[in-house]
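Each remark here refers to the structure printed beneath this line.
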Amino acid sequence: MRRRFIPLLLLLPTLSLWSCSTSDTNPIVDFGEGEGITYREVNNFPVGPHDYTDWTTDATWNKQERALFADVNVDLNGAQRTALFGETTVYPNPTRSGRAKWSVWPRNGSSGSAGPFTVRGVLVNRQYQSMVRFGPLPLTANGLSAEFSYTQAGLSPRELYRLYYVVTDASGLVYKGHGDVRYDPQ
């Protein structure tokens, strides 16, 4: 009985190396289970399904994710100061009109511990291709809101896209994360 398992054990390292090289040469965004988005209506209130992996901090990013922010001079997998950060969302999500707002808020009373916050965002397709770039933009105590158009950016209806974002200040990384979005025309 044990002899049957020995060839399988020898094959496991080969399979793991193969899967790593496949993901490095053909990276695809994993939108997760279900619909992959968090539903929000036009006034930014939650409505419908919620994806708990969206609009929260990401601990580590892969090579493709870090490359989206090659102009940021901080360790994107370094320690974050999440206590300084409030919330970020895109609404409505999904959008029927083809227009949406990306909003970012610092924690109440914090506008940057080592100076003002700077925000950058990149909306990508399944292959990590940049479709829309935001920033660098200043984030004040009142927050930041940036409107964008799926149709003007040439995004396809009913496709999932991911918005990656990074918040920094003069002392380094404050917060980073992602959220998934979709355009569902009427």
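To be explicit about the labels: the chains of the structure tokens are called A, B, and onward in the order shown, and within each one the residues are counted from 1, while ligands get numbers from 1 in the order they are shown.
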Next item on the list: For Arg158 in chain A, list every protein, DNA or RNA residue within 8 Å, evaluated using only C-alpha atoms, and leave out those in the same chain fewer than 5 positions away; present the list as a count of residues only.
Entry: 4
Hey, could you make a per-residue contact list for range 81-150 of chain A against range 163-175 of chain A with 9 Å as the cut-off, showing the nearest pair of atoms and its distance in Å to one decimal, counting only C-alpha atoms, sorted by chain and number, as JSON lines?
```
{"residue": "A:Arg81", "atom": "CA", "partner": "A:Val174", "partner_atom": "CA", "distance": 4.8}
{"residue": "A:Thr82", "atom": "CA", "partner": "A:Tyr175", "partner_atom": "CA", "distance": 6.0}
{"residue": "A:Ala83", "atom": "CA", "partner": "A:Val174", "partner_atom": "CA", "distance": 8.9}
{"residue": "A:Leu84", "atom": "CA", "partner": "A:Val174", "partner_atom": "CA", "distance": 7.2}
{"residue": "A:Phe85", "atom": "CA", "partner": "A:Tyr175", "partner_atom": "CA", "distance": 6.8}
{"residue": "A:Val90", "atom": "CA", "partner": "A:Leu163", "partner_atom": "CA", "distance": 8.9}
{"residue": "A:Gly112", "atom": "CA", "partner": "A:Asp169", "partner_atom": "CA", "distance": 6.3}
{"residue": "A:Ser113", "atom": "CA", "partner": "A:Asp169", "partner_atom": "CA", "distance": 7.4}
{"residue": "A:Ala114", "atom": "CA", "partner": "A:Ala170", "partner_atom": "CA", "distance": 5.4}
{"residue": "A:Gly115", "atom": "CA", "partner": "A:Ala170", "partner_atom": "CA", "distance": 5.9}
{"residue": "A:Pro116", "atom": "CA", "partner": "A:Asp169", "partner_atom": "CA", "distance": 5.9}
{"residue": "A:Phe117", "atom": "CA", "partner": "A:Asp169", "partner_atom": "CA", "distance": 4.7}
{"residue": "A:Thr118", "atom": "CA", "partner": "A:Thr168", "partner_atom": "CA", "distance": 5.3}
{"residue": "A:Val119", "atom": "CA", "partner": "A:Val167", "partner_atom": "CA", "distance": 4.6}
{"residue": "A:Arg120", "atom": "CA", "partner": "A:Val166", "partner_atom": "CA", "distance": 5.4}
{"residue": "A:Gly121", "atom": "CA", "partner": "A:Tyr165", "partner_atom": "CA", "distance": 4.2}
{"residue": "A:Val122", "atom": "CA", "partner": "A:Tyr164", "partner_atom": "CA", "distance": 5.3}
{"residue": "A:Leu123", "atom": "CA", "partner": "A:Leu163", "partner_atom": "CA", "distance": 4.2}
{"residue": "A:Val124", "atom": "CA", "partner": "A:Leu163", "partner_atom": "CA", "distance": 6.4}
{"residue": "A:Val132", "atom": "CA", "partner": "A:Leu163", "partner_atom": "CA", "distance": 8.9}
{"residue": "A:Phe134", "atom": "CA", "partner": "A:Tyr165", "partner_atom": "CA", "distance": 8.9}
{"residue": "A:Leu139", "atom": "CA", "partner": "A:Val167", "partner_atom": "CA", "distance": 8.6}
```
May I have the selected residues written with all heavy atoms, as a short mmCIF file (atom, residue, chain, number, x, y, z; two decimals), in the first residue's frame?
```cif
data_model
loop_
_atom_site.label_atom_id
_atom_site.label_comp_id
_atom_site.auth_asym_id
_atom_site.auth_seq_id
_atom_site.Cartn_x
_atom_site.Cartn_y
_atom_site.Cartn_z
N ARG A 81 -0.02 50.81 8.19
CA ARG A 81 -0.52 51.52 9.38
C ARG A 81 -2.02 51.70 9.22
O ARG A 81 -2.53 52.78 8.97
CB ARG A 81 0.23 52.84 9.53
CG ARG A 81 1.72 52.58 9.86
CD ARG A 81 2.56 53.82 9.79
NE ARG A 81 2.80 54.12 8.37
CZ ARG A 81 2.87 55.34 7.87
NH1 ARG A 81 2.73 56.38 8.63
NH2 ARG A 81 3.10 55.53 6.60
N THR A 82 -2.73 50.59 9.34
CA THR A 82 -4.16 50.56 9.06
C THR A 82 -4.99 51.44 9.99
O THR A 82 -6.09 51.85 9.63
CB THR A 82 -4.69 49.11 9.10
OG1 THR A 82 -4.40 48.57 10.38
CG2 THR A 82 -4.01 48.26 8.04
N ALA A 83 -4.49 51.75 11.17
CA ALA A 83 -5.23 52.60 12.11
C ALA A 83 -5.43 54.01 11.56
O ALA A 83 -6.33 54.73 11.98
CB ALA A 83 -4.50 52.67 13.45
N LEU A 84 -4.60 54.41 10.59
CA LEU A 84 -4.72 55.74 9.99
C LEU A 84 -5.73 55.78 8.85
O LEU A 84 -6.09 56.85 8.37
CB LEU A 84 -3.36 56.20 9.45
CG LEU A 84 -2.22 56.32 10.44
CD1 LEU A 84 -0.94 56.67 9.72
CD2 LEU A 84 -2.56 57.33 11.51
N PHE A 85 -6.16 54.62 8.43
CA PHE A 85 -6.97 54.56 7.22
C PHE A 85 -8.42 54.25 7.54
O PHE A 85 -8.72 53.45 8.42
CB PHE A 85 -6.40 53.50 6.28
CG PHE A 85 -6.92 53.63 4.89
CD1 PHE A 85 -6.46 54.63 4.06
CD2 PHE A 85 -7.92 52.80 4.43
CE1 PHE A 85 -6.96 54.80 2.79
CE2 PHE A 85 -8.42 52.95 3.15
CZ PHE A 85 -7.94 53.95 2.33
N VAL A 90 -16.20 51.69 -4.30
CA VAL A 90 -16.64 52.16 -5.60
C VAL A 90 -18.16 51.97 -5.62
O VAL A 90 -18.66 50.92 -5.23
CB VAL A 90 -15.98 51.38 -6.76
CG1 VAL A 90 -16.71 51.62 -8.07
CG2 VAL A 90 -14.52 51.79 -6.91
N GLY A 112 -2.65 62.19 7.69
CA GLY A 112 -1.29 61.79 7.39
C GLY A 112 -0.41 62.00 8.60
O GLY A 112 -0.29 63.10 9.09
N SER A 113 0.19 60.93 9.07
CA SER A 113 1.01 61.03 10.28
C SER A 113 2.35 61.69 10.00
O SER A 113 2.90 62.35 10.85
CB SER A 113 1.23 59.63 10.84
OG SER A 113 1.89 58.82 9.89
N ALA A 114 2.86 61.51 8.80
CA ALA A 114 4.15 62.10 8.45
C ALA A 114 3.96 63.04 7.27
O ALA A 114 4.75 63.08 6.35
CB ALA A 114 5.15 61.00 8.10
N GLY A 115 2.87 63.76 7.29
CA GLY A 115 2.55 64.64 6.18
C GLY A 115 1.29 64.14 5.50
O GLY A 115 0.68 63.19 5.95
N PRO A 116 0.90 64.76 4.42
CA PRO A 116 -0.35 64.38 3.75
C PRO A 116 -0.27 62.99 3.12
O PRO A 116 0.80 62.54 2.73
CB PRO A 116 -0.54 65.46 2.69
CG PRO A 116 0.81 66.04 2.49
CD PRO A 116 1.57 65.86 3.76
N PHE A 117 -1.43 62.35 3.03
CA PHE A 117 -1.53 61.07 2.35
C PHE A 117 -1.54 61.30 0.84
O PHE A 117 -2.05 62.30 0.36
CB PHE A 117 -2.83 60.36 2.70
CG PHE A 117 -2.92 59.85 4.11
CD1 PHE A 117 -4.11 59.95 4.80
CD2 PHE A 117 -1.85 59.24 4.73
CE1 PHE A 117 -4.24 59.47 6.08
CE2 PHE A 117 -1.96 58.76 6.02
CZ PHE A 117 -3.16 58.87 6.70
N THR A 118 -0.99 60.35 0.11
CA THR A 118 -1.06 60.32 -1.35
C THR A 118 -1.70 59.01 -1.75
O THR A 118 -1.36 57.95 -1.22
CB THR A 118 0.35 60.43 -1.97
OG1 THR A 118 0.94 61.66 -1.53
CG2 THR A 118 0.28 60.41 -3.48
N VAL A 119 -2.65 59.08 -2.68
CA VAL A 119 -3.40 57.90 -3.12
C VAL A 119 -3.13 57.64 -4.59
O VAL A 119 -3.08 58.58 -5.40
CB VAL A 119 -4.91 58.11 -2.92
CG1 VAL A 119 -5.70 56.89 -3.37
CG2 VAL A 119 -5.23 58.44 -1.49
N ARG A 120 -2.95 56.37 -4.92
CA ARG A 120 -2.83 55.93 -6.31
C ARG A 120 -3.75 54.74 -6.49
O ARG A 120 -3.91 53.93 -5.57
CB ARG A 120 -1.40 55.51 -6.64
CG ARG A 120 -0.40 56.63 -6.69
CD ARG A 120 1.03 56.08 -6.80
NE ARG A 120 2.01 57.10 -6.92
CZ ARG A 120 2.52 57.79 -5.89
NH1 ARG A 120 2.13 57.56 -4.67
NH2 ARG A 120 3.43 58.71 -6.11
N GLY A 121 -4.33 54.63 -7.67
CA GLY A 121 -5.18 53.49 -7.98
C GLY A 121 -4.96 53.05 -9.41
O GLY A 121 -4.62 53.87 -10.28
N VAL A 122 -5.15 51.76 -9.66
CA VAL A 122 -5.06 51.22 -11.01
C VAL A 122 -6.19 50.22 -11.19
O VAL A 122 -6.31 49.25 -10.42
CB VAL A 122 -3.71 50.50 -11.27
CG1 VAL A 122 -3.65 50.00 -12.71
CG2 VAL A 122 -2.54 51.40 -10.96
N LEU A 123 -7.04 50.46 -12.18
CA LEU A 123 -8.12 49.53 -12.53
C LEU A 123 -7.58 48.60 -13.61
O LEU A 123 -7.10 49.08 -14.64
CB LEU A 123 -9.33 50.32 -13.04
CG LEU A 123 -10.60 49.53 -13.28
CD1 LEU A 123 -11.17 49.00 -11.96
CD2 LEU A 123 -11.63 50.42 -13.97
N VAL A 124 -7.63 47.30 -13.34
CA VAL A 124 -7.05 46.31 -14.27
C VAL A 124 -8.09 45.31 -14.72
O VAL A 124 -9.11 45.11 -14.06
CB VAL A 124 -5.86 45.56 -13.62
CG1 VAL A 124 -4.76 46.51 -13.19
CG2 VAL A 124 -6.30 44.68 -12.47
N VAL A 132 -7.35 51.95 -16.32
CA VAL A 132 -7.51 53.32 -15.85
C VAL A 132 -6.54 53.52 -14.69
O VAL A 132 -6.43 52.66 -13.82
CB VAL A 132 -8.96 53.58 -15.35
CG1 VAL A 132 -9.10 55.00 -14.82
CG2 VAL A 132 -9.98 53.32 -16.44
N PHE A 134 -5.32 56.26 -11.57
CA PHE A 134 -5.68 57.40 -10.74
C PHE A 134 -4.44 57.83 -9.97
O PHE A 134 -3.76 56.99 -9.38
CB PHE A 134 -6.76 57.02 -9.72
CG PHE A 134 -8.03 56.49 -10.32
CD1 PHE A 134 -8.22 55.13 -10.50
CD2 PHE A 134 -9.05 57.36 -10.68
CE1 PHE A 134 -9.38 54.63 -11.03
CE2 PHE A 134 -10.22 56.87 -11.22
CZ PHE A 134 -10.40 55.51 -11.40
N LEU A 139 -4.84 63.06 -0.45
CA LEU A 139 -5.99 62.63 0.36
C LEU A 139 -6.04 63.53 1.59
O LEU A 139 -5.17 63.48 2.44
CB LEU A 139 -5.82 61.16 0.78
CG LEU A 139 -6.92 60.59 1.66
CD1 LEU A 139 -8.28 60.64 0.96
CD2 LEU A 139 -6.60 59.16 2.04
#
```
Margin query: Just checking: using only C-alpha atoms, which residue out of A:Ser130, A:Thr56, A:Gln64, A:Ser149 ends up closest to Thr88 in chain A?
Written below: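 Among A:Ser130, A:Thr56, A:Gln64, A:Ser149, it is A:Thr56 that comes nearest to Thr88 in chain A.
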Checklist line | Picked from range 12-181 of chain A by DSSP as alpha helix (DSSP H), as a PyMOL selection string | finding: chain A and resi 12-25+63-67
Spatial neighbours of Tyr150 in chain A, 8 Å, only C-alpha atoms, chain gap at least 6 places, as a PDB file with all heavy atoms, in the first residue's frame:
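result23.pdb, freshly written:
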```pdb
ATOM      1  N   GLY A  98     -22.719  53.146 -16.448  1.00  0.00           N
ATOM      2  CA  GLY A  98     -21.375  53.181 -17.021  1.00  0.00           C
ATOM      3  C   GLY A  98     -20.455  54.144 -16.300  1.00  0.00           C
ATOM      4  O   GLY A  98     -19.287  54.269 -16.637  1.00  0.00           O
ATOM      5  N   ARG A  99     -20.973  54.854 -15.299  1.00  0.00           N
ATOM      6  CA  ARG A  99     -20.179  55.786 -14.496  1.00  0.00           C
ATOM      7  C   ARG A  99     -20.204  55.320 -13.055  1.00  0.00           C
ATOM      8  O   ARG A  99     -21.194  54.806 -12.567  1.00  0.00           O
ATOM      9  CB  ARG A  99     -20.738  57.193 -14.597  1.00  0.00           C
ATOM     10  CG  ARG A  99     -20.731  57.710 -16.037  1.00  0.00           C
ATOM     11  CD  ARG A  99     -20.960  59.186 -16.113  1.00  0.00           C
ATOM     12  NE  ARG A  99     -19.867  59.992 -15.596  1.00  0.00           N
ATOM     13  CZ  ARG A  99     -18.692  60.181 -16.186  1.00  0.00           C
ATOM     14  NH1 ARG A  99     -18.412  59.565 -17.302  1.00  0.00           N
ATOM     15  NH2 ARG A  99     -17.775  60.957 -15.655  1.00  0.00           N
ATOM     16  N   ALA A 100     -19.080  55.532 -12.360  1.00  0.00           N
ATOM     17  CA  ALA A 100     -18.993  55.155 -10.946  1.00  0.00           C
ATOM     18  C   ALA A 100     -18.064  56.126 -10.244  1.00  0.00           C
ATOM     19  O   ALA A 100     -17.328  56.888 -10.886  1.00  0.00           O
ATOM     20  CB  ALA A 100     -18.484  53.726 -10.799  1.00  0.00           C
ATOM     21  N   SER A 156     -15.448  46.476 -21.007  1.00  0.00           N
ATOM     22  CA  SER A 156     -16.530  45.650 -21.528  1.00  0.00           C
ATOM     23  C   SER A 156     -17.636  45.451 -20.501  1.00  0.00           C
ATOM     24  O   SER A 156     -17.350  45.234 -19.324  1.00  0.00           O
ATOM     25  CB  SER A 156     -15.997  44.277 -21.945  1.00  0.00           C
ATOM     26  OG  SER A 156     -15.027  44.414 -22.946  1.00  0.00           O
ATOM     27  N   TYR A 183     -19.579  46.596 -14.713  1.00  0.00           N
ATOM     28  CA  TYR A 183     -20.520  47.468 -15.440  1.00  0.00           C
ATOM     29  C   TYR A 183     -21.597  46.567 -16.038  1.00  0.00           C
ATOM     30  O   TYR A 183     -21.300  45.713 -16.864  1.00  0.00           O
ATOM     31  CB  TYR A 183     -19.756  48.242 -16.508  1.00  0.00           C
ATOM     32  CG  TYR A 183     -20.588  48.920 -17.573  1.00  0.00           C
ATOM     33  CD1 TYR A 183     -21.741  49.616 -17.254  1.00  0.00           C
ATOM     34  CD2 TYR A 183     -20.202  48.893 -18.900  1.00  0.00           C
ATOM     35  CE1 TYR A 183     -22.489  50.243 -18.233  1.00  0.00           C
ATOM     36  CE2 TYR A 183     -20.918  49.525 -19.885  1.00  0.00           C
ATOM     37  CZ  TYR A 183     -22.075  50.193 -19.548  1.00  0.00           C
ATOM     38  OH  TYR A 183     -22.812  50.825 -20.523  1.00  0.00           O
TER      39      TYR A 183
END
```
Next item on the list: Identify all residues of range 25-132 of chain A in strand (DSSP E) (DSSP on the backbone) and supply them as a PyMOL selection string.
Entry: chain A and resi 56-57+85-91+99-106+117-124+130-132
Next item on the list: Mind giving me the straight-line distance from CA of Glu35 in chain A to CA of His178 in chain A in Å, one decimal?
Entry: 15.5 Å
Next item on the list: List the neighbours of Ala146 in chain A out to 7 Å using only C-alpha atoms; skip same-chain residues closer than 6 positions along the sequence, and give me the result as a ChimeraX atom specification.
Entry: /A:101-103
Item checked: range 48-52 of chain A environment, 6 Å, only C-alpha atoms, sequence neighbours closer than 4 positions dropped, as a VMD selection string -> chain A and resid 37 to 39
Export of the given selection (all heavy atoms) as an mmCIF file, in the first residue's frame:
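See again_1.cif below for the written result:
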```cif
data_model
loop_
_atom_site.group_PDB
_atom_site.id
_atom_site.type_symbol
_atom_site.label_atom_id
_atom_site.label_comp_id
_atom_site.auth_asym_id
_atom_site.auth_seq_id
_atom_site.Cartn_x
_atom_site.Cartn_y
_atom_site.Cartn_z
ATOM 1 N N ILE A 37 -18.004 40.598 -6.395
ATOM 2 C CA ILE A 37 -18.075 42.032 -6.122
ATOM 3 C C ILE A 37 -18.919 42.275 -4.877
ATOM 4 O O ILE A 37 -19.692 41.420 -4.455
ATOM 5 C CB ILE A 37 -18.655 42.843 -7.300
ATOM 6 C CG1 ILE A 37 -20.124 42.487 -7.563
ATOM 7 C CG2 ILE A 37 -17.813 42.679 -8.545
ATOM 8 C CD1 ILE A 37 -20.807 43.406 -8.550
ATOM 9 N N THR A 38 -18.754 43.464 -4.326
ATOM 10 C CA THR A 38 -19.597 43.929 -3.236
ATOM 11 C C THR A 38 -20.592 44.928 -3.823
ATOM 12 O O THR A 38 -20.187 45.920 -4.437
ATOM 13 C CB THR A 38 -18.750 44.611 -2.139
ATOM 14 O OG1 THR A 38 -17.920 43.611 -1.545
ATOM 15 C CG2 THR A 38 -19.619 45.247 -1.078
ATOM 16 N N TYR A 39 -21.849 44.640 -3.641
ATOM 17 C CA TYR A 39 -22.901 45.483 -4.192
ATOM 18 C C TYR A 39 -23.075 46.748 -3.353
ATOM 19 O O TYR A 39 -23.164 46.691 -2.132
ATOM 20 C CB TYR A 39 -24.233 44.728 -4.218
ATOM 21 C CG TYR A 39 -24.392 43.816 -5.412
ATOM 22 C CD1 TYR A 39 -23.593 42.698 -5.570
ATOM 23 C CD2 TYR A 39 -25.349 44.089 -6.384
ATOM 24 C CE1 TYR A 39 -23.743 41.865 -6.664
ATOM 25 C CE2 TYR A 39 -25.507 43.255 -7.484
ATOM 26 C CZ TYR A 39 -24.696 42.156 -7.624
ATOM 27 O OH TYR A 39 -24.838 41.328 -8.703
#
```
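One finds CA of Leu155 in chain A at 13.5 Å from CA of Tyr128 in chain A.
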Next item on the list: Write out as a PyMOL selection string each polymer residue whose atoms come within 7 Å of Val104 in chain A, counting only C-alpha atoms; drop sequence neighbours fewer than 3 positions from it.
Entry: chain A and resi 87-89+143-145
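CA of Asp180 in chain A sits 10.6 Å away from CA of Arg126 in chain A.
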